[in-house]
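**Student:** Sharing target34.tsv (TSV, C-alpha atoms and all ligand atoms) below.
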chain	number	residue	atom	x	y	z
A	1	MET	CA	0.00	0.00	0.00
A	2	SER	CA	1.34	3.41	-0.91
A	3	LYS	CA	1.30	6.43	1.34
A	4	SER	CA	-1.73	7.94	-0.39
A	5	ASP	CA	-4.00	4.88	-0.17
A	6	ASP	CA	-4.32	4.57	3.58
A	7	GLN	CA	-7.47	6.66	3.88
A	8	GLY	CA	-10.70	6.09	2.01
A	9	LEU	CA	-11.55	9.79	1.79
A	10	ARG	CA	-12.99	11.50	-1.27
A	11	PRO	CA	-10.88	14.07	-3.13
A	12	ALA	CA	-12.64	17.23	-1.86
A	13	THR	CA	-12.13	16.08	1.73
A	14	LYS	CA	-8.49	15.23	1.08
A	15	LEU	CA	-7.96	18.76	-0.29
A	16	VAL	CA	-9.14	20.17	3.04
A	17	GLN	CA	-7.34	17.73	5.33
A	18	GLY	CA	-4.18	16.88	3.40
A	19	GLY	CA	-0.79	17.56	4.96
A	20	ARG	CA	-2.21	18.90	8.23
A	21	ARG	CA	-0.18	17.09	10.86
A	22	PRO	CA	-0.66	18.32	14.43
A	23	GLU	CA	3.10	18.43	14.98
A	24	TRP	CA	3.37	20.99	12.15
A	25	THR	CA	0.44	23.16	13.16
A	26	GLY	CA	0.57	23.12	16.93
A	27	ASP	CA	2.92	23.33	19.84
A	28	PRO	CA	1.79	21.73	23.11
A	29	ARG	CA	3.70	24.41	25.03
A	30	LEU	CA	1.33	27.02	23.53
A	31	GLY	CA	-1.68	25.03	24.61
A	32	GLY	CA	-3.04	24.28	21.14
A	33	GLY	CA	-2.65	24.38	17.41
A	34	VAL	CA	-3.57	26.58	14.45
A	35	VAL	CA	-5.26	25.56	11.21
A	36	ASN	CA	-2.37	26.16	8.82
A	37	PRO	CA	1.30	25.31	9.26
A	38	PRO	CA	3.22	28.52	9.98
A	39	VAL	CA	5.74	29.70	7.40
A	40	TRP	CA	8.95	28.11	8.60
A	41	ARG	CA	11.79	30.08	7.03
A	42	ALA	CA	15.12	28.36	7.48
A	43	SER	CA	18.58	27.87	6.09
A	44	THR	CA	20.42	26.80	9.25
A	45	VAL	CA	18.98	24.14	11.52
A	46	LEU	CA	20.41	23.92	15.06
A	47	TYR	CA	21.20	20.57	16.69
A	48	ASP	CA	21.30	19.63	20.36
A	49	SER	CA	24.54	17.68	20.03
A	50	ILE	CA	26.84	15.96	17.54
A	51	ALA	CA	24.95	12.72	18.09
A	52	ASP	CA	21.72	14.54	17.21
A	53	LEU	CA	23.32	16.01	14.05
A	54	LYS	CA	24.47	12.58	12.91
A	55	ALA	CA	21.11	10.94	13.57
A	56	ARG	CA	19.09	13.56	11.71
A	57	GLY	CA	21.32	13.50	8.66
A	58	ARG	CA	19.95	10.05	7.91
A	59	ALA	CA	16.31	11.14	8.06
A	60	THR	CA	15.16	12.22	4.60
A	61	HIS	CA	11.74	13.68	5.18
A	62	ASP	CA	9.89	15.42	7.99
A	63	LYS	CA	12.91	16.00	10.25
A	64	LEU	CA	14.66	19.36	10.08
A	65	TYR	CA	18.18	18.98	8.69
A	66	TYR	CA	19.09	21.92	6.48
A	67	GLY	CA	16.91	24.52	4.75
A	68	ARG	CA	17.25	22.99	1.30
A	69	ARG	CA	15.65	19.78	2.52
A	70	GLY	CA	12.56	21.70	3.50
A	71	THR	CA	10.62	22.73	6.58
A	72	PRO	CA	7.13	21.77	7.76
A	73	THR	CA	5.52	24.33	5.41
A	74	VAL	CA	7.14	22.60	2.43
A	75	TRP	CA	6.38	19.08	3.69
A	76	ALA	CA	2.74	19.96	4.35
A	77	LEU	CA	2.26	20.94	0.69
A	78	ALA	CA	4.17	17.92	-0.61
A	79	ASP	CA	2.16	15.55	1.59
A	80	ALA	CA	-1.16	17.16	0.64
A	81	LEU	CA	-0.34	16.63	-3.05
A	82	THR	CA	0.74	13.04	-2.41
A	83	GLU	CA	-2.52	12.32	-0.61
A	84	MET	CA	-4.45	13.58	-3.67
A	85	GLU	CA	-2.84	10.95	-5.90
A	86	PRO	CA	-3.78	7.32	-5.16
A	87	GLY	CA	-0.75	5.08	-5.75
A	88	ALA	CA	1.81	7.78	-4.92
A	89	GLU	CA	4.87	7.32	-2.75
A	90	GLY	CA	5.73	11.01	-2.50
A	91	THR	CA	5.92	14.47	-4.05
A	92	LEU	CA	8.85	16.75	-4.81
A	93	LEU	CA	8.50	20.49	-5.25
A	94	TYR	CA	10.37	22.69	-7.73
A	95	PRO	CA	10.60	26.45	-8.24
A	96	SER	CA	8.48	26.28	-11.43
A	97	GLY	CA	6.63	23.82	-13.61
A	98	VAL	CA	9.44	23.87	-16.15
A	99	ALA	CA	11.95	23.12	-13.37
A	100	ALA	CA	9.87	20.06	-12.41
A	101	ILE	CA	9.81	18.83	-16.03
A	102	SER	CA	13.55	19.30	-16.59
A	103	ALA	CA	14.48	17.75	-13.24
A	104	GLY	CA	12.24	14.75	-13.92
A	105	LEU	CA	13.71	14.17	-17.37
A	106	LEU	CA	17.28	14.53	-16.05
A	107	ALA	CA	16.54	12.09	-13.23
A	108	LEU	CA	15.08	9.38	-15.46
A	109	LEU	CA	17.27	9.60	-18.59
A	110	ALA	CA	20.96	9.03	-19.31
A	111	PRO	CA	23.23	9.39	-22.37
A	112	GLY	CA	22.21	6.92	-25.08
A	113	ASP	CA	18.60	6.76	-23.92
A	114	HIS	CA	15.62	7.41	-26.17
A	115	LEU	CA	12.62	9.56	-25.15
A	116	LEU	CA	9.17	9.53	-26.77
A	117	MET	CA	7.71	13.04	-26.42
A	118	VAL	CA	4.16	13.97	-27.36
A	119	ASP	CA	4.03	16.42	-30.28
A	120	SER	CA	1.46	18.60	-28.47
A	121	ALA	CA	3.73	19.18	-25.46
A	122	TYR	CA	4.11	22.56	-23.83
A	123	GLU	CA	6.71	24.39	-25.92
A	124	PRO	CA	9.37	24.85	-23.17
A	125	THR	CA	9.26	21.06	-22.63
A	126	ARG	CA	10.28	20.64	-26.28
A	127	LEU	CA	13.00	23.25	-25.90
A	128	PHE	CA	14.53	21.26	-23.04
A	129	CYS	CA	14.52	18.05	-25.11
A	130	ASP	CA	15.95	19.72	-28.21
A	131	GLY	CA	18.50	21.68	-26.18
A	132	MET	CA	19.96	20.29	-22.98
A	133	LEU	CA	18.81	16.67	-23.32
A	134	LYS	CA	20.21	16.50	-26.85
A	135	ARG	CA	23.56	17.89	-25.66
A	136	TYR	CA	23.63	15.20	-22.96
A	137	GLY	CA	23.13	12.45	-25.53
A	138	VAL	CA	19.42	11.72	-25.13
A	139	THR	CA	17.50	11.26	-28.39
A	140	THR	CA	13.92	12.52	-28.60
A	141	THR	CA	11.26	11.28	-31.03
A	142	TYR	CA	8.04	13.29	-31.16
A	143	TYR	CA	4.84	11.28	-31.55
A	144	ASP	CA	1.25	12.00	-32.58
A	145	PRO	CA	-0.86	12.71	-29.45
A	146	LEU	CA	-3.58	10.47	-30.96
A	147	VAL	CA	-1.19	7.52	-31.44
A	148	GLY	CA	-2.92	5.45	-28.72
A	149	ALA	CA	-1.83	1.80	-28.74
A	150	GLY	CA	0.26	2.59	-31.84
A	151	ILE	CA	2.91	3.82	-29.38
A	152	ALA	CA	4.10	0.18	-29.28
A	153	GLY	CA	5.59	0.57	-32.77
A	154	LEU	CA	7.69	3.56	-31.69
A	155	ILE	CA	9.36	1.92	-28.68
A	156	ARG	CA	13.01	1.03	-29.29
A	157	PRO	CA	15.28	-1.13	-27.12
A	158	GLU	CA	16.83	2.09	-25.75
A	159	THR	CA	13.49	3.84	-25.08
A	160	LYS	CA	13.35	4.65	-21.36
A	161	LEU	CA	10.54	7.16	-21.04
A	162	ILE	CA	7.28	8.17	-22.71
A	163	PHE	CA	6.16	11.72	-21.91
A	164	LEU	CA	2.47	12.61	-22.19
A	165	GLU	CA	0.44	15.77	-21.88
A	166	SER	CA	-3.34	15.60	-22.08
A	167	PRO	CA	-5.19	17.56	-23.26
A	168	GLY	CA	-2.31	18.88	-25.38
A	169	SER	CA	-0.98	22.42	-25.03
A	170	LEU	CA	-2.71	24.89	-27.41
A	171	THR	CA	-4.63	22.21	-29.37
A	172	PHE	CA	-6.26	20.12	-26.62
A	173	GLU	CA	-6.01	16.62	-28.12
A	174	VAL	CA	-6.96	13.98	-25.53
A	175	GLN	CA	-4.47	11.12	-25.28
A	176	ASP	CA	-5.41	7.52	-24.54
A	177	ILE	CA	-3.30	7.54	-21.39
A	178	PRO	CA	-4.38	4.12	-20.01
A	179	ALA	CA	-3.54	2.40	-23.33
A	180	ILE	CA	-0.12	4.07	-23.61
A	181	ALA	CA	0.70	3.50	-19.92
A	182	ALA	CA	-0.24	-0.20	-20.12
A	183	ILE	CA	1.99	-0.78	-23.15
A	184	ALA	CA	4.83	1.15	-21.53
A	185	ARG	CA	4.62	-0.91	-18.35
A	186	ASP	CA	4.56	-4.10	-20.36
A	187	ARG	CA	7.71	-3.05	-22.21
A	188	GLY	CA	9.56	-1.79	-19.12
A	189	VAL	CA	9.34	1.86	-20.19
A	190	LEU	CA	8.45	4.61	-17.68
A	191	THR	CA	5.70	7.18	-18.29
A	192	MET	CA	5.57	10.79	-17.16
A	193	LEU	CA	2.48	13.00	-17.60
A	194	ASP	CA	2.10	16.78	-17.58
A	195	ASN	CA	-1.23	16.87	-15.69
A	196	THR	CA	-1.42	20.65	-15.22
A	197	TRP	CA	-4.77	21.02	-17.08
A	198	ALA	CA	-6.72	18.43	-15.06
A	199	THR	CA	-4.88	18.19	-11.73
A	200	PRO	CA	-5.40	14.94	-9.74
A	201	LEU	CA	-8.87	16.21	-8.88
A	202	LEU	CA	-10.11	15.59	-12.45
A	203	PHE	CA	-7.57	12.96	-13.48
A	204	PRO	CA	-5.71	10.89	-10.85
A	205	ALA	CA	-2.82	9.97	-13.13
A	206	LEU	CA	-1.05	7.21	-11.19
A	207	ALA	CA	-4.33	5.32	-10.83
A	208	HIS	CA	-4.45	5.31	-14.66
A	209	GLY	CA	-1.04	3.64	-14.89
A	210	VAL	CA	1.32	6.63	-15.11
A	211	ASP	CA	4.60	6.45	-13.12
A	212	VAL	CA	5.31	10.16	-12.61
A	213	THR	CA	2.77	12.97	-12.74
A	214	MET	CA	3.81	16.59	-13.06
A	215	MET	CA	1.93	19.81	-12.40
A	216	SER	CA	2.66	23.46	-12.82
A	217	LEU	CA	1.22	24.50	-9.45
A	218	THR	CA	1.49	28.04	-10.84
A	219	LYS	CA	-1.80	27.38	-12.61
A	220	TYR	CA	-4.85	25.89	-10.82
A	221	VAL	CA	-3.33	24.87	-7.49
A	222	GLY	CA	-2.03	28.39	-6.80
A	223	GLY	CA	-5.08	29.74	-8.55
A	224	HIS	CA	-4.42	33.43	-7.88
A	225	SER	CA	-1.65	34.37	-10.37
A	226	ASP	CA	0.80	35.34	-7.65
A	227	ALA	CA	3.28	32.46	-7.22
A	228	MET	CA	5.22	29.92	-9.27
A	229	MET	CA	5.99	26.30	-8.44
A	230	GLY	CA	6.04	22.82	-9.94
A	231	SER	CA	5.59	19.30	-8.57
A	232	LEU	CA	6.41	15.71	-9.40
A	233	THR	CA	4.39	12.97	-7.71
A	234	ALA	CA	5.55	9.42	-8.28
A	235	THR	CA	5.10	5.75	-7.52
A	236	GLY	CA	7.52	3.91	-5.26
A	237	ALA	CA	9.35	2.54	-8.29
A	238	VAL	CA	10.80	5.93	-9.28
A	239	TRP	CA	10.33	8.12	-6.24
A	240	SER	CA	13.83	7.68	-4.78
A	241	ARG	CA	15.48	8.38	-8.15
A	242	LEU	CA	13.57	11.65	-8.41
A	243	ARG	CA	14.41	12.60	-4.84
A	244	GLN	CA	18.11	11.95	-5.25
A	245	ALA	CA	18.21	14.01	-8.45
A	246	ALA	CA	16.32	16.87	-6.79
A	247	TYR	CA	18.86	16.89	-3.95
A	248	GLN	CA	21.80	16.76	-6.38
A	249	LEU	CA	20.34	19.55	-8.53
A	250	GLY	CA	19.72	21.64	-5.41
A	251	GLN	CA	16.02	22.10	-6.14
A	252	ALA	CA	14.33	23.91	-3.26
A	253	VAL	CA	11.22	26.07	-2.90
A	254	SER	CA	10.33	29.00	-0.66
A	255	PRO	CA	8.12	28.29	2.37
A	256	ASP	CA	6.25	31.55	1.66
A	257	ASP	CA	5.30	30.25	-1.77
A	258	CYS	CA	4.31	26.91	-0.24
A	259	ALA	CA	1.94	28.72	2.11
A	260	LEU	CA	0.33	30.41	-0.93
A	261	MET	CA	0.05	27.07	-2.72
A	262	LEU	CA	-1.50	25.41	0.34
A	263	ARG	CA	-4.04	28.22	0.56
A	264	GLY	CA	-4.93	27.70	-3.10
A	265	LEU	CA	-5.11	23.92	-2.75
A	266	ARG	CA	-7.79	24.08	-0.05
A	267	THR	CA	-10.29	25.69	-2.45
A	268	LEU	CA	-9.29	23.79	-5.60
A	269	ASP	CA	-12.47	21.72	-5.71
A	270	VAL	CA	-14.91	24.67	-5.68
A	271	ARG	CA	-12.78	26.75	-8.02
A	272	MET	CA	-12.34	23.92	-10.49
A	273	ARG	CA	-16.08	23.27	-10.62
A	274	ARG	CA	-16.74	26.93	-11.36
A	275	HIS	CA	-13.91	27.17	-13.91
A	276	GLY	CA	-15.37	24.13	-15.68
A	277	GLU	CA	-18.99	25.41	-15.60
A	278	ASN	CA	-17.98	28.85	-16.85
A	279	ALA	CA	-15.76	27.44	-19.58
A	280	LEU	CA	-18.51	25.09	-20.77
A	281	ALA	CA	-20.97	28.01	-20.94
A	282	VAL	CA	-18.54	30.14	-22.99
A	283	ALA	CA	-17.42	27.24	-25.21
A	284	THR	CA	-21.03	26.18	-25.93
A	285	TRP	CA	-21.93	29.73	-26.90
A	286	LEU	CA	-18.84	30.05	-29.11
A	287	ALA	CA	-19.60	26.78	-30.94
A	288	ASP	CA	-22.80	28.30	-32.36
A	289	ARG	CA	-21.29	31.59	-33.50
A	290	PRO	CA	-20.73	32.30	-37.20
A	291	GLU	CA	-17.35	33.96	-36.42
A	292	VAL	CA	-15.99	30.68	-34.97
A	293	GLY	CA	-14.42	27.86	-37.01
A	294	ARG	CA	-14.16	25.28	-34.26
A	295	VAL	CA	-13.85	25.06	-30.50
A	296	LEU	CA	-11.13	22.84	-29.01
A	297	TYR	CA	-12.55	21.72	-25.67
A	298	PRO	CA	-13.00	18.02	-24.83
A	299	ALA	CA	-16.02	18.74	-22.60
A	300	LEU	CA	-18.04	19.59	-25.74
A	301	LEU	CA	-20.03	16.61	-27.04
A	302	ASP	CA	-18.75	16.88	-30.61
A	303	ASP	CA	-15.09	17.44	-29.70
A	304	ALA	CA	-12.85	14.74	-31.19
A	305	GLY	CA	-11.49	13.91	-27.73
A	306	HIS	CA	-14.84	13.82	-25.94
A	307	ALA	CA	-15.24	10.04	-25.75
A	308	ILE	CA	-11.84	9.39	-24.15
A	309	TRP	CA	-12.15	12.47	-21.96
A	310	SER	CA	-15.50	11.40	-20.56
A	311	ARG	CA	-14.20	7.86	-20.00
A	312	ASP	CA	-11.08	8.98	-18.07
A	313	PHE	CA	-11.68	12.44	-16.58
A	314	SER	CA	-14.20	13.43	-13.92
A	315	GLY	CA	-14.49	17.02	-15.20
A	316	ALA	CA	-12.96	19.78	-17.29
A	317	SER	CA	-10.93	22.78	-16.26
A	318	GLY	CA	-11.29	26.24	-17.75
A	319	LEU	CA	-8.62	26.33	-20.49
A	320	PHE	CA	-9.54	25.81	-24.15
A	321	GLY	CA	-8.98	27.14	-27.65
A	322	PHE	CA	-11.07	28.20	-30.63
A	323	THR	CA	-10.42	29.35	-34.18
A	324	LEU	CA	-11.71	32.53	-35.76
A	325	LYS	CA	-13.21	31.57	-39.13
A	326	GLY	CA	-11.36	33.20	-42.01
A	327	ALA	CA	-9.40	35.45	-39.65
A	328	ASP	CA	-5.76	36.41	-40.15
A	329	ASP	CA	-3.29	37.74	-37.58
A	330	ALA	CA	-4.56	41.30	-37.81
A	331	ALA	CA	-8.21	40.33	-37.36
A	332	ARG	CA	-7.28	38.18	-34.37
A	333	ALA	CA	-5.40	41.13	-32.86
A	334	ARG	CA	-8.45	43.41	-33.35
A	335	PHE	CA	-10.59	40.80	-31.58
A	336	ILE	CA	-8.22	40.32	-28.64
A	337	ASP	CA	-7.45	44.02	-28.19
A	338	ALA	CA	-11.18	44.76	-27.93
A	339	LEU	CA	-11.77	42.39	-24.98
A	340	ALA	CA	-12.30	44.19	-21.68
A	341	HIS	CA	-12.63	41.25	-19.26
A	342	PHE	CA	-9.79	39.08	-20.57
A	343	GLY	CA	-6.24	40.10	-19.69
A	344	ILE	CA	-3.69	39.48	-22.45
A	345	GLY	CA	-1.16	37.30	-20.73
A	346	PHE	CA	0.55	33.95	-20.37
A	347	SER	CA	-0.05	31.43	-17.64
A	348	TRP	CA	-3.60	30.41	-16.73
A	349	GLY	CA	-5.67	28.82	-13.97
A	350	GLY	CA	-6.05	32.03	-11.98
A	351	TYR	CA	-9.37	33.48	-10.85
A	352	GLU	CA	-9.26	36.05	-13.69
A	353	SER	CA	-9.88	35.33	-17.36
A	354	LEU	CA	-6.99	35.54	-19.82
A	355	VAL	CA	-6.54	35.41	-23.59
A	356	VAL	CA	-3.53	34.75	-25.84
A	357	PRO	CA	-3.07	34.14	-29.56
A	358	SER	CA	-1.54	30.73	-30.28
A	359	ASP	CA	0.17	29.34	-33.38
A	360	PRO	CA	0.81	25.60	-33.06
A	361	GLY	CA	1.65	25.27	-36.77
A	362	THR	CA	5.18	26.55	-36.22
A	363	ILE	CA	5.90	24.23	-33.26
A	364	ARG	CA	4.86	20.71	-34.40
A	365	THR	CA	7.22	18.22	-36.03
A	366	ALA	CA	5.47	14.80	-35.94
A	367	THR	CA	2.04	16.06	-36.96
A	368	VAL	CA	0.80	18.93	-39.12
A	369	TRP	CA	-1.45	21.68	-37.79
A	370	SER	CA	-3.04	22.73	-41.07
A	371	ASP	CA	-6.00	24.83	-39.88
A	372	PRO	CA	-5.58	28.18	-41.69
A	373	ASP	CA	-7.81	30.04	-39.23
A	374	ALA	CA	-6.23	32.07	-36.42
A	375	LEU	CA	-6.30	30.26	-33.08
A	376	VAL	CA	-7.08	31.86	-29.72
A	377	ARG	CA	-6.60	30.38	-26.23
A	378	LEU	CA	-8.89	31.37	-23.37
A	379	SER	CA	-8.39	30.75	-19.67
A	380	ILE	CA	-11.87	31.16	-18.24
A	381	GLY	CA	-11.87	32.63	-14.74
A	382	LEU	CA	-14.44	32.89	-11.99
A	383	GLU	CA	-16.37	35.89	-13.37
A	384	ASP	CA	-20.05	35.62	-14.29
A	385	PRO	CA	-19.96	33.85	-17.66
A	386	ALA	CA	-22.66	36.18	-19.06
A	387	ASP	CA	-20.22	39.09	-18.74
A	388	LEU	CA	-17.51	37.09	-20.50
A	389	ILE	CA	-19.86	36.11	-23.32
A	390	ALA	CA	-21.01	39.71	-23.80
A	391	ASP	CA	-17.36	40.78	-23.91
A	392	ILE	CA	-16.50	38.23	-26.60
A	393	GLY	CA	-19.55	39.38	-28.58
A	394	ARG	CA	-18.15	42.92	-28.51
A	395	GLY	CA	-14.77	41.53	-29.59
A	396	PHE	CA	-16.38	39.91	-32.65
A	397	GLY	CA	-17.88	43.30	-33.52
A	398	ALA	CA	-14.46	44.95	-33.33
A	399	MET	CA	-12.90	42.17	-35.41
A	400	ALA	CA	-15.38	42.82	-38.22
A	401	GLY	CA	-14.19	46.44	-38.07
B	501	LIG	C1	2.67	26.74	-17.63
B	501	LIG	C2	2.87	25.32	-17.96
B	501	LIG	C3	4.03	24.65	-17.56
B	501	LIG	C4	5.17	25.34	-16.89
B	501	LIG	O1	4.85	25.87	-15.67
B	501	LIG	P1	5.63	27.12	-15.02
B	501	LIG	O2	5.21	27.05	-13.61
B	501	LIG	O3	5.13	28.33	-15.76
B	501	LIG	O4	7.09	26.88	-15.23
B	501	LIG	C5	4.13	23.30	-17.86
B	501	LIG	N1	3.16	22.66	-18.52
B	501	LIG	C6	2.04	23.27	-18.93
B	501	LIG	C7	1.01	22.49	-19.65
B	501	LIG	C8	1.87	24.64	-18.68
B	501	LIG	O5	0.78	25.26	-19.14
Show the structure stored in the file as structure tokens.
**Tutor:**
Amino acid sequence: MSKSDDQGLRPATKLVQGGRRPEWTGDPRLGGGVVNPPVWRASTVLYDSIADLKARGRATHDKLYYGRRGTPTVWALADALTEMEPGAEGTLLYPSGVAAISAGLLALLAPGDHLLMVDSAYEPTRLFCDGMLKRYGVTTTYYDPLVGAGIAGLIRPETKLIFLESPGSLTFEVQDIPAIAAIARDRGVLTMLDNTWATPLLFPALAHGVDVTMMSLTKYVGGHSDAMMGSLTATGAVWSRLRQAAYQLGQAVSPDDCALMLRGLRTLDVRMRRHGENALAVATWLADRPEVGRVLYPALLDDAGHAIWSRDFSGASGLFGFTLKGADDAARARFIDALAHFGIGFSWGGYESLVVPSDPGTIRTATVWSDPDALVRLSIGLEDPADLIADIGRGFGAMAG
């Protein structure tokens, strides 16, 4: 039994209770405890004696040793994330989502190894593969996100890892994760998933056969656009390799940021429901508009990924794309510039709605993005969806000129 399986609680309850150990939130000498672990800022840890120093050096988690190994604020967040993921042994925290991805790939790959990377991956993930991993002698093959069981034909003797991201960045293809994970396990290949869009709340990745699940906590877990962090949560089979690499790479996070992430995590269930409801309202409205070519959102019944999404996911988050029929760059810019309730900005998953233009055609290598219409990505926030819809309607007016 893994650490996360020893309580039969439902996800929303785990979000509230996770990581809240009395020894981190209370001090018997003060007569009681508080709800949240205080922000423990530390570099130096003081020992009672040399014997004490020696003994604590061997403890790897939940005993103070040195600031880089964390304090109760950090452990509380890591444990809460572990408890959200049935089948997990533990969670490591990184200063950003990209740092989590690069540290995971460095931990699990060595010179001569082969990596299968999904063609719809977040662009900085590709940059790491084509840059640093290539320099260190790791070969990357990009594969079609819709490959499904066809992944078997791409596995070579030296393939060590299959990286997935579902739905895909910018284009929102839904991968058949259980099929790919089952084949990988059968062939002795590890799988790692970028699960930032769904979080374990909507898609518990390890329970679907994935070995390592990654999140940019910057997005929905933080939820308020004011902190950056990344996480890797893994099964017992790879957990110690990831932890050793994180120690060797010196990956550490600020306890202040962990306190922000813990605050966000507690309300993830209610926020995610509202993000999903709002996004579905906006996406459904868009799908019927003459200005729109197509909407890329697996929660819509006629989306190409809907069947697999509804089989595997328990809900949708608030990030999706749509094309503007017949629109070029300039028309797209007129549309976006006219929006009053959507900030123009990267990142997503915050309480406020955001919009960015996206151009997947220039990024892909294994598949072709041939849609000539300009693509837009929306992160739907917690506003009243009627205000967002009215705003987009005004944007269409401005686009027409
Ligand atoms: C933003 C993002 C990341 C990177 O996260 P940062 O915290 O910004 O480094 C990784 N994957 C996906 C899908 C993202 O959207």
**Student:** Kindly indicate which residue among A:Asp328, A:Glu23, A:Asp79, A:Asp194 lies nearest to ligand LIG 501 (chain B), using only C-alpha atoms and all ligand atoms for the distances.
**Tutor:**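 Among the listed residues, A:Asp194 lies closest to ligand LIG 501 (chain B).
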**Student:** Take atom CA of A:Leu268 and atom CA of A:Leu81 and report the distance between them in Å, one decimal.
**Tutor:**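 So the answer is 11.7 Å.
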**Student:** Can you measure atom O2 of ligand LIG 501 (chain B) to atom CA of A:Ser231 for me? One decimal in Å is fine.
**Tutor:**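 Going from atom O2 of ligand LIG 501 (chain B) over to atom CA of A:Ser231, I get 9.3 Å.
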**Student:** Find the spatial neighbours of stretch 65-74 of chain A, counting only C-alpha atoms, within a cut-off of 12 Å - ignore same-chain residues fewer than 6 positions away - and output them as a ChimeraX atom specification.
**Tutor:** /A:19-26,36-47,52-59,80-81,91-95,229,231,243-244,246-263
**Student:** Which residues are near stretch 345-358 of chain A? Cut-off 6 Å, only C-alpha atoms, ignore same chain within fewer than 2 positions. Put them as a ChimeraX atom specification.
**Tutor:** /A:219-220,223-225,342-343,375-382
**Student:** Set the distance at 8 Å and use all atoms listed in the file: which residues neighbour A:Val282 once local chain neighbours fewer than 5 positions away are removed? I'd like the list as a PyMOL selection string.
**Tutor:** chain A and resi 385+388-389
**Student:** Any idea what the distance is between atom CA of A:Ile183 and atom CA of A:Leu154?
**Tutor:**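 Taking atom CA of A:Ile183 and atom CA of A:Leu154, their separation equals 11.1 Å.
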**Student:** Where does chain A meet ligand LIG 501 (chain B) within 10 Å, residue by residue, with the nearest atom pair and distance in Å to one decimal for each, counting all atoms listed in the file, listed by chain and rising number, as a Markdown table?
**Tutor:**
| residue | atom | partner | partner_atom | distance |
| --- | --- | --- | --- | --- |
| A:Tyr94 | CA | B:LIG501 | O2 | 9.0 |
| A:Pro95 | CA | B:LIG501 | O2 | 7.6 |
| A:Ser96 | CA | B:LIG501 | O2 | 4.0 |
| A:Gly97 | CA | B:LIG501 | O1 | 3.4 |
| A:Val98 | CA | B:LIG501 | O4 | 3.9 |
| A:Ala99 | CA | B:LIG501 | O4 | 6.4 |
| A:Ala100 | CA | B:LIG501 | O4 | 7.9 |
| A:Ile101 | CA | B:LIG501 | C5 | 7.5 |
| A:Ser120 | CA | B:LIG501 | C7 | 9.7 |
| A:Ala121 | CA | B:LIG501 | C7 | 7.2 |
| A:Tyr122 | CA | B:LIG501 | C7 | 5.2 |
| A:Glu123 | CA | B:LIG501 | N1 | 8.4 |
| A:Pro124 | CA | B:LIG501 | C4 | 7.6 |
| A:Thr125 | CA | B:LIG501 | C5 | 7.4 |
| A:Glu165 | CA | B:LIG501 | C7 | 7.1 |
| A:Ser166 | CA | B:LIG501 | C7 | 8.5 |
| A:Pro167 | CA | B:LIG501 | C7 | 8.7 |
| A:Gly168 | CA | B:LIG501 | C7 | 7.5 |
| A:Ser169 | CA | B:LIG501 | C7 | 5.7 |
| A:Leu170 | CA | B:LIG501 | C7 | 8.9 |
| A:Leu193 | CA | B:LIG501 | N1 | 9.7 |
| A:Asp194 | CA | B:LIG501 | N1 | 6.0 |
| A:Asn195 | CA | B:LIG501 | C7 | 7.2 |
| A:Thr196 | CA | B:LIG501 | C7 | 5.4 |
| A:Trp197 | CA | B:LIG501 | C7 | 6.5 |
| A:Ala198 | CA | B:LIG501 | C7 | 9.9 |
| A:Met214 | CA | B:LIG501 | N1 | 8.2 |
| A:Met215 | CA | B:LIG501 | C5 | 6.8 |
| A:Ser216 | CA | B:LIG501 | O1 | 4.3 |
| A:Leu217 | CA | B:LIG501 | O2 | 6.3 |
| A:Thr218 | CA | B:LIG501 | O2 | 4.7 |
| A:Lys219 | CA | B:LIG501 | C1 | 6.8 |
| A:Ala227 | CA | B:LIG501 | O2 | 8.6 |
| A:Met228 | CA | B:LIG501 | O2 | 5.2 |
| A:Met229 | CA | B:LIG501 | O2 | 5.3 |
| A:Gly230 | CA | B:LIG501 | O2 | 5.7 |
| A:Ser231 | CA | B:LIG501 | O2 | 9.3 |
| A:Leu319 | CA | B:LIG501 | O5 | 9.6 |
| A:Phe346 | CA | B:LIG501 | C1 | 8.0 |
| A:Ser347 | CA | B:LIG501 | C1 | 5.4 |
| A:Trp348 | CA | B:LIG501 | O5 | 7.2 |
| A:Gly349 | CA | B:LIG501 | O5 | 9.0 |
**Student:** Determine the nearest neighbour of A:Thr365 from the options A:Leu206, A:Met117, A:Ile162, A:Ile155, counting all atoms listed in the file.
**Tutor:** A:Met117
**Student:** Which is closest to A:Ala107 among A:Thr233, A:Thr159, A:Thr199, A:Ser240, if we use all atoms listed in the file?
**Tutor:**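 Among the listed residues, the smallest separation from A:Ala107 belongs to A:Ser240.
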**Student:** For stretch 139-141 of chain A, please output as a list in words all residues within 6 Å (counting only C-alpha atoms; exclusion window: fewer than 5 positions along the same chain).
**Tutor:** His114, Leu115 and Leu116 of chain A
**Student:** Taking only C-alpha atoms into account, name the residue in A:Leu242, A:Ala51, A:Ala374, A:Ala76 that is nearest to A:Arg294.
**Tutor:** A:Ala374
**Student:** Which one is closest to A:Ala103: A:Met132, A:Val221, A:Met84, A:Ile151? Count all atoms listed in the file.
**Tutor:**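 Looking at the shortest contact to A:Ala103, the residue is A:Met132.
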